[in-house]
$ cat protein.txt   # compact mmCIF, N, CA and C atoms
# COMPACT_ATOMS: atom_id res chain seq x y z
N MET A 1 23.23 14.59 -14.26
CA MET A 1 23.25 13.39 -13.43
C MET A 1 22.00 12.57 -13.70
N SER A 2 22.18 11.29 -13.78
CA SER A 2 21.01 10.44 -13.95
C SER A 2 20.55 9.93 -12.59
N LYS A 3 19.26 9.91 -12.45
CA LYS A 3 18.67 9.46 -11.19
C LYS A 3 18.27 8.00 -11.33
N VAL A 4 18.81 7.15 -10.48
CA VAL A 4 18.52 5.74 -10.51
C VAL A 4 17.25 5.48 -9.71
N SER A 5 16.29 4.83 -10.34
CA SER A 5 15.02 4.56 -9.67
C SER A 5 15.00 3.10 -9.22
N ASN A 6 14.57 2.88 -7.99
CA ASN A 6 14.48 1.52 -7.48
C ASN A 6 13.02 1.07 -7.42
N ARG A 7 12.17 1.72 -8.19
CA ARG A 7 10.75 1.36 -8.23
C ARG A 7 10.53 0.19 -9.17
N THR A 8 9.53 -0.61 -8.84
CA THR A 8 9.18 -1.72 -9.72
C THR A 8 8.28 -1.22 -10.85
N ARG A 9 8.14 -2.03 -11.88
CA ARG A 9 7.28 -1.66 -12.99
C ARG A 9 5.82 -1.58 -12.55
N ILE A 10 5.44 -2.44 -11.62
CA ILE A 10 4.06 -2.41 -11.11
C ILE A 10 3.78 -1.09 -10.41
N PHE A 11 4.72 -0.65 -9.58
CA PHE A 11 4.54 0.61 -8.87
C PHE A 11 4.49 1.78 -9.85
N GLU A 12 5.36 1.78 -10.83
CA GLU A 12 5.34 2.84 -11.84
C GLU A 12 4.01 2.85 -12.58
N TRP A 13 3.49 1.66 -12.91
CA TRP A 13 2.19 1.57 -13.58
C TRP A 13 1.10 2.14 -12.69
N MET A 14 1.16 1.82 -11.40
CA MET A 14 0.16 2.32 -10.46
C MET A 14 0.21 3.84 -10.36
N VAL A 15 1.40 4.41 -10.36
CA VAL A 15 1.53 5.87 -10.29
C VAL A 15 0.98 6.50 -11.57
N ASP A 16 1.22 5.88 -12.72
CA ASP A 16 0.77 6.43 -13.99
C ASP A 16 -0.74 6.28 -14.20
N HIS A 17 -1.36 5.25 -13.62
CA HIS A 17 -2.79 4.97 -13.82
C HIS A 17 -3.53 5.15 -12.49
N SER A 18 -3.69 6.40 -12.10
CA SER A 18 -4.23 6.69 -10.78
C SER A 18 -5.69 6.26 -10.60
N LYS A 19 -6.49 6.34 -11.65
CA LYS A 19 -7.90 5.95 -11.52
C LYS A 19 -8.05 4.45 -11.28
N LEU A 20 -7.30 3.66 -12.02
CA LEU A 20 -7.34 2.22 -11.81
C LEU A 20 -6.73 1.83 -10.46
N THR A 21 -5.70 2.55 -10.06
CA THR A 21 -5.09 2.31 -8.75
C THR A 21 -6.07 2.61 -7.64
N PHE A 22 -6.82 3.70 -7.78
CA PHE A 22 -7.83 4.03 -6.77
C PHE A 22 -8.92 2.97 -6.72
N LEU A 23 -9.31 2.44 -7.88
CA LEU A 23 -10.31 1.37 -7.92
C LEU A 23 -9.78 0.11 -7.25
N LEU A 24 -8.55 -0.27 -7.53
CA LEU A 24 -7.93 -1.42 -6.87
C LEU A 24 -7.81 -1.20 -5.38
N MET A 25 -7.46 0.01 -4.98
CA MET A 25 -7.36 0.34 -3.56
C MET A 25 -8.72 0.18 -2.88
N SER A 26 -9.77 0.61 -3.54
CA SER A 26 -11.12 0.49 -2.98
C SER A 26 -11.53 -0.97 -2.81
N PHE A 27 -11.27 -1.78 -3.84
CA PHE A 27 -11.61 -3.21 -3.75
C PHE A 27 -10.81 -3.91 -2.65
N SER A 28 -9.53 -3.59 -2.56
CA SER A 28 -8.72 -4.24 -1.54
C SER A 28 -9.13 -3.81 -0.14
N PHE A 29 -9.57 -2.56 0.02
CA PHE A 29 -10.05 -2.09 1.31
C PHE A 29 -11.31 -2.84 1.74
N VAL A 30 -12.25 -3.00 0.80
CA VAL A 30 -13.49 -3.72 1.12
C VAL A 30 -13.18 -5.19 1.39
N ALA A 31 -12.32 -5.80 0.59
CA ALA A 31 -11.97 -7.21 0.79
C ALA A 31 -11.29 -7.41 2.14
N PHE A 32 -10.41 -6.50 2.52
CA PHE A 32 -9.76 -6.58 3.83
C PHE A 32 -10.80 -6.51 4.94
N GLY A 33 -11.73 -5.58 4.81
CA GLY A 33 -12.77 -5.44 5.82
C GLY A 33 -13.64 -6.67 5.95
N VAL A 34 -14.05 -7.24 4.83
CA VAL A 34 -14.90 -8.44 4.85
C VAL A 34 -14.13 -9.63 5.40
N LEU A 35 -12.89 -9.81 4.96
CA LEU A 35 -12.11 -10.96 5.41
C LEU A 35 -11.72 -10.87 6.88
N SER A 36 -11.50 -9.68 7.38
CA SER A 36 -11.06 -9.56 8.76
C SER A 36 -12.21 -9.39 9.75
N LEU A 37 -13.43 -9.29 9.25
CA LEU A 37 -14.59 -9.14 10.11
C LEU A 37 -14.73 -10.37 11.02
N ASN A 38 -14.76 -10.17 12.30
CA ASN A 38 -14.92 -11.22 13.32
C ASN A 38 -13.80 -12.27 13.30
N LEU A 39 -12.68 -11.96 12.70
CA LEU A 39 -11.59 -12.93 12.60
C LEU A 39 -11.05 -13.31 13.97
N ILE A 40 -10.91 -12.35 14.85
CA ILE A 40 -10.40 -12.62 16.20
C ILE A 40 -11.34 -13.54 16.96
N SER A 41 -12.63 -13.30 16.84
CA SER A 41 -13.59 -14.16 17.56
C SER A 41 -13.59 -15.58 16.99
N TYR A 42 -13.40 -15.73 15.67
CA TYR A 42 -13.31 -17.07 15.08
C TYR A 42 -12.06 -17.81 15.58
N ILE A 43 -10.95 -17.11 15.65
CA ILE A 43 -9.72 -17.75 16.13
C ILE A 43 -9.87 -18.14 17.60
N ALA A 44 -10.46 -17.27 18.40
CA ALA A 44 -10.66 -17.57 19.82
C ALA A 44 -11.61 -18.74 20.01
N ALA A 45 -12.70 -18.78 19.24
CA ALA A 45 -13.66 -19.88 19.35
C ALA A 45 -13.03 -21.20 18.93
N ASN A 46 -12.25 -21.17 17.84
CA ASN A 46 -11.59 -22.39 17.37
C ASN A 46 -10.55 -22.86 18.38
N ALA A 47 -9.79 -21.95 18.94
CA ALA A 47 -8.79 -22.33 19.94
C ALA A 47 -9.46 -22.91 21.18
N ASN A 48 -10.56 -22.32 21.60
CA ASN A 48 -11.31 -22.85 22.74
C ASN A 48 -11.83 -24.25 22.46
N TYR A 49 -12.36 -24.46 21.26
CA TYR A 49 -12.86 -25.77 20.84
C TYR A 49 -11.74 -26.82 20.85
N LEU A 50 -10.59 -26.44 20.28
CA LEU A 50 -9.47 -27.37 20.22
C LEU A 50 -8.92 -27.68 21.61
N LEU A 51 -8.86 -26.69 22.48
CA LEU A 51 -8.34 -26.91 23.83
C LEU A 51 -9.32 -27.69 24.70
N THR A 52 -10.60 -27.52 24.46
CA THR A 52 -11.61 -28.21 25.27
C THR A 52 -11.71 -29.68 24.90
N TYR A 53 -11.82 -29.98 23.60
CA TYR A 53 -12.04 -31.36 23.16
C TYR A 53 -10.78 -32.04 22.63
N GLN A 54 -9.71 -31.36 22.56
CA GLN A 54 -8.38 -31.84 22.21
C GLN A 54 -8.37 -32.74 20.98
N TRP A 55 -7.99 -34.01 21.13
CA TRP A 55 -7.79 -34.90 19.99
C TRP A 55 -9.08 -35.10 19.19
N MET A 56 -10.20 -35.21 19.87
CA MET A 56 -11.48 -35.40 19.17
C MET A 56 -11.80 -34.18 18.28
N ALA A 57 -11.43 -33.00 18.76
CA ALA A 57 -11.66 -31.79 17.97
C ALA A 57 -10.80 -31.78 16.70
N PHE A 58 -9.57 -32.27 16.81
CA PHE A 58 -8.71 -32.34 15.63
C PHE A 58 -9.26 -33.32 14.61
N ILE A 59 -9.73 -34.45 15.08
CA ILE A 59 -10.29 -35.46 14.18
C ILE A 59 -11.59 -34.97 13.54
N ASP A 60 -12.36 -34.23 14.31
CA ASP A 60 -13.68 -33.77 13.86
C ASP A 60 -13.60 -32.57 12.91
N GLY A 61 -12.43 -32.08 12.60
CA GLY A 61 -12.28 -30.99 11.63
C GLY A 61 -11.80 -29.68 12.22
N GLY A 62 -11.47 -29.69 13.49
CA GLY A 62 -11.00 -28.46 14.13
C GLY A 62 -9.67 -27.97 13.56
N ALA A 63 -8.79 -28.89 13.20
CA ALA A 63 -7.49 -28.51 12.63
C ALA A 63 -7.67 -27.91 11.24
N GLN A 64 -8.58 -28.51 10.46
CA GLN A 64 -8.85 -27.97 9.13
C GLN A 64 -9.46 -26.57 9.24
N GLN A 65 -10.35 -26.40 10.20
CA GLN A 65 -10.96 -25.09 10.41
C GLN A 65 -9.91 -24.06 10.84
N LEU A 66 -8.99 -24.46 11.69
CA LEU A 66 -7.92 -23.57 12.12
C LEU A 66 -7.05 -23.16 10.92
N LEU A 67 -6.74 -24.13 10.06
CA LEU A 67 -5.96 -23.84 8.86
C LEU A 67 -6.70 -22.86 7.95
N GLU A 68 -8.00 -23.07 7.77
CA GLU A 68 -8.80 -22.17 6.93
C GLU A 68 -8.86 -20.76 7.52
N ILE A 69 -8.94 -20.66 8.83
CA ILE A 69 -8.95 -19.35 9.47
C ILE A 69 -7.62 -18.63 9.24
N TRP A 70 -6.51 -19.35 9.36
CA TRP A 70 -5.21 -18.72 9.14
C TRP A 70 -5.01 -18.35 7.68
N LEU A 71 -5.51 -19.15 6.75
CA LEU A 71 -5.42 -18.78 5.33
C LEU A 71 -6.24 -17.52 5.06
N THR A 72 -7.40 -17.40 5.69
CA THR A 72 -8.20 -16.19 5.57
C THR A 72 -7.44 -15.00 6.15
N THR A 73 -6.75 -15.22 7.25
CA THR A 73 -5.94 -14.16 7.86
C THR A 73 -4.85 -13.68 6.91
N PHE A 74 -4.16 -14.61 6.26
CA PHE A 74 -3.10 -14.23 5.32
C PHE A 74 -3.67 -13.54 4.08
N LEU A 75 -4.84 -13.96 3.63
CA LEU A 75 -5.49 -13.30 2.50
C LEU A 75 -5.89 -11.88 2.87
N ALA A 76 -6.41 -11.69 4.08
CA ALA A 76 -6.75 -10.35 4.56
C ALA A 76 -5.48 -9.49 4.64
N LEU A 77 -4.39 -10.05 5.09
CA LEU A 77 -3.13 -9.32 5.16
C LEU A 77 -2.65 -8.92 3.76
N ALA A 78 -2.80 -9.82 2.78
CA ALA A 78 -2.43 -9.49 1.40
C ALA A 78 -3.28 -8.33 0.87
N CYS A 79 -4.57 -8.34 1.18
CA CYS A 79 -5.45 -7.24 0.77
C CYS A 79 -5.01 -5.93 1.42
N TYR A 80 -4.60 -5.98 2.67
CA TYR A 80 -4.13 -4.79 3.36
C TYR A 80 -2.85 -4.26 2.71
N LEU A 81 -1.94 -5.16 2.35
CA LEU A 81 -0.69 -4.73 1.72
C LEU A 81 -0.95 -4.13 0.34
N ILE A 82 -1.90 -4.68 -0.41
CA ILE A 82 -2.27 -4.10 -1.69
C ILE A 82 -2.84 -2.70 -1.49
N PHE A 83 -3.69 -2.55 -0.46
CA PHE A 83 -4.25 -1.24 -0.13
C PHE A 83 -3.13 -0.24 0.15
N LYS A 84 -2.16 -0.63 0.97
CA LYS A 84 -1.06 0.28 1.33
C LYS A 84 -0.19 0.62 0.12
N LEU A 85 0.03 -0.34 -0.77
CA LEU A 85 0.81 -0.08 -1.98
C LEU A 85 0.08 0.93 -2.87
N CYS A 86 -1.22 0.74 -3.03
CA CYS A 86 -2.01 1.69 -3.82
C CYS A 86 -1.99 3.07 -3.18
N GLU A 87 -2.12 3.11 -1.87
CA GLU A 87 -2.08 4.38 -1.15
C GLU A 87 -0.75 5.08 -1.39
N HIS A 88 0.33 4.35 -1.30
CA HIS A 88 1.66 4.92 -1.50
C HIS A 88 1.81 5.45 -2.93
N ALA A 89 1.32 4.68 -3.91
CA ALA A 89 1.43 5.11 -5.31
C ALA A 89 0.61 6.38 -5.55
N LEU A 90 -0.57 6.46 -4.99
CA LEU A 90 -1.40 7.66 -5.17
C LEU A 90 -0.79 8.87 -4.48
N ILE A 91 -0.25 8.67 -3.31
CA ILE A 91 0.40 9.78 -2.60
C ILE A 91 1.64 10.23 -3.38
N GLU A 92 2.37 9.31 -3.93
CA GLU A 92 3.54 9.65 -4.75
C GLU A 92 3.12 10.49 -5.95
N ARG A 93 2.03 10.10 -6.58
CA ARG A 93 1.56 10.86 -7.75
C ARG A 93 1.13 12.27 -7.33
N ILE A 94 0.38 12.37 -6.23
CA ILE A 94 -0.09 13.68 -5.76
C ILE A 94 1.09 14.55 -5.37
N ALA A 95 2.05 13.99 -4.66
CA ALA A 95 3.22 14.76 -4.22
C ALA A 95 4.05 15.19 -5.41
N HIS A 96 4.19 14.33 -6.41
CA HIS A 96 4.98 14.67 -7.59
C HIS A 96 4.31 15.79 -8.38
N GLN A 97 2.99 15.73 -8.54
CA GLN A 97 2.28 16.78 -9.25
C GLN A 97 2.36 18.10 -8.48
N ALA A 98 2.24 18.04 -7.17
CA ALA A 98 2.33 19.25 -6.36
C ALA A 98 3.73 19.85 -6.46
N HIS A 99 4.74 18.99 -6.50
CA HIS A 99 6.12 19.47 -6.60
C HIS A 99 6.34 20.15 -7.96
N GLN A 100 5.77 19.61 -9.02
CA GLN A 100 5.92 20.22 -10.34
C GLN A 100 5.20 21.56 -10.41
N ALA A 101 4.05 21.67 -9.74
CA ALA A 101 3.28 22.92 -9.78
C ALA A 101 3.98 24.04 -9.03
N VAL A 102 4.75 23.71 -7.99
CA VAL A 102 5.40 24.71 -7.16
C VAL A 102 6.83 25.00 -7.62
N ALA A 103 7.36 24.21 -8.51
CA ALA A 103 8.76 24.37 -8.92
C ALA A 103 8.99 25.75 -9.51
N PRO A 104 10.07 26.42 -9.10
CA PRO A 104 10.35 27.76 -9.61
C PRO A 104 10.77 27.70 -11.08
N PRO A 105 10.57 28.79 -11.80
CA PRO A 105 11.00 28.82 -13.20
C PRO A 105 12.53 28.77 -13.27
N PRO A 106 13.05 28.37 -14.40
CA PRO A 106 14.52 28.31 -14.52
C PRO A 106 15.13 29.69 -14.31
N ALA A 107 16.29 29.70 -13.72
CA ALA A 107 16.98 30.97 -13.41
C ALA A 107 17.43 31.64 -14.70
N MET A 108 17.27 32.94 -14.73
CA MET A 108 17.72 33.71 -15.89
C MET A 108 19.16 34.13 -15.67
N GLU A 109 19.91 34.20 -16.75
CA GLU A 109 21.30 34.63 -16.64
C GLU A 109 21.34 36.14 -16.47
N VAL A 110 22.21 36.56 -15.62
CA VAL A 110 22.40 38.00 -15.40
C VAL A 110 23.58 38.43 -16.26
N VAL A 111 23.31 39.39 -17.13
CA VAL A 111 24.37 39.89 -18.00
C VAL A 111 24.87 41.20 -17.42
N GLN A 112 26.17 41.27 -17.20
CA GLN A 112 26.76 42.49 -16.67
C GLN A 112 27.08 43.44 -17.81
N SER A 113 26.79 44.66 -17.56
CA SER A 113 27.07 45.69 -18.55
C SER A 113 28.54 46.12 -18.41
N GLU A 114 29.04 46.76 -19.46
CA GLU A 114 30.41 47.27 -19.41
C GLU A 114 30.51 48.41 -18.39
N PHE A 115 29.40 49.06 -18.14
CA PHE A 115 29.43 50.25 -17.29
C PHE A 115 29.18 49.94 -15.83
N THR A 116 28.84 48.70 -15.50
CA THR A 116 28.57 48.39 -14.09
C THR A 116 29.77 47.69 -13.50
N SER A 117 30.00 48.00 -12.29
CA SER A 117 31.11 47.40 -11.57
C SER A 117 30.61 46.13 -10.88
N PRO A 118 31.42 45.09 -10.82
CA PRO A 118 30.98 43.87 -10.14
C PRO A 118 30.80 44.07 -8.63
N LEU A 119 31.33 45.18 -8.09
CA LEU A 119 31.20 45.41 -6.67
C LEU A 119 29.87 46.06 -6.31
N HIS A 120 29.16 46.64 -7.25
CA HIS A 120 27.90 47.33 -6.95
C HIS A 120 26.76 46.41 -7.01
$ encode --input "protein.txt" --output "structure tokens"
Amino acid sequence: MSKVSNRTRIFEWMVDHSKLTFLLMSFSFVAFGVLSLNLISYIAANANYLLTYQWMAFIDGGAQQLLEIWLTTFLALACYLIFKLCEHALIERIAHQAHQAVAPPPAMEVVQSEFTSPLH
């Protein structure tokens, strides 16, 4: 039977190149941390500014700042998703290697002798 794989080529590459995948995972983890640092407080401060000064805040650059904060949020989310993809690829590789190490040897054929009864 052939096993149909629904994995992408990128995922297969990540499973095959574990050291580079770990390096990418590390970079994406740090980038996520840096990008998401104080993000909630920035959004709250910007929302407070926009609600307090309303139209003047939008004209003065508050809307642009809000857009930049949300773009940073989406970039942080992309870094998190890259981290999770790398994590999944590394776990897949570890699980696959562990499965190969524990796999039982192929079954040997049992040959019945002329002198043995199949009932014994």
$ atom_distance --input "protein.txt" --atom1 "atom CA of Glu92 of chain A" --atom2 "atom CA of Phe22 of chain A"
12.8 Å
$ closest_residue --input "protein.txt" --among "A:Gln65, A:Ser26, A:Asn46, A:Gln97" --to "Ile82 of chain A" --atoms "only C-alpha atoms"
A:Ser26
$ atom_distance --input "protein.txt" --atom1 "atom N of Ile69 of chain A" --atom2 "atom C of Leu85 of chain A"
26.2 Å
$ closest_residue --input "protein.txt" --among "A:Gly62, A:Asn6, A:Ser28, A:Phe11" --to "Ala78 of chain A" --atoms "all atoms listed in the file"
A:Ser28
$ atom_distance --input "protein.txt" --atom1 "atom CA of Ser36 of chain A" --atom2 "atom CA of Leu51 of chain A"
23.1 Å
$ closest_residue --input "protein.txt" --among "A:Leu35, A:Ala44, A:Ile59, A:Leu90" --to "Ala76 of chain A" --atoms "only N, CA and C atoms"
A:Leu35
$ residues_around --input "protein.txt" --residues "Tyr49 of chain A" --least-positions-apart "2" --cutoff "12 Å" --atoms "only C-alpha atoms" --output "NGL selection string"
:A and (42-47 or 51-58 or 60-63 or 65-66)
$ closest_residue --input "protein.txt" --among "A:Tyr80, A:His17, A:Cys86, A:Ile91" --to "Ala31 of chain A" --atoms "only N, CA and C atoms"
A:Tyr80
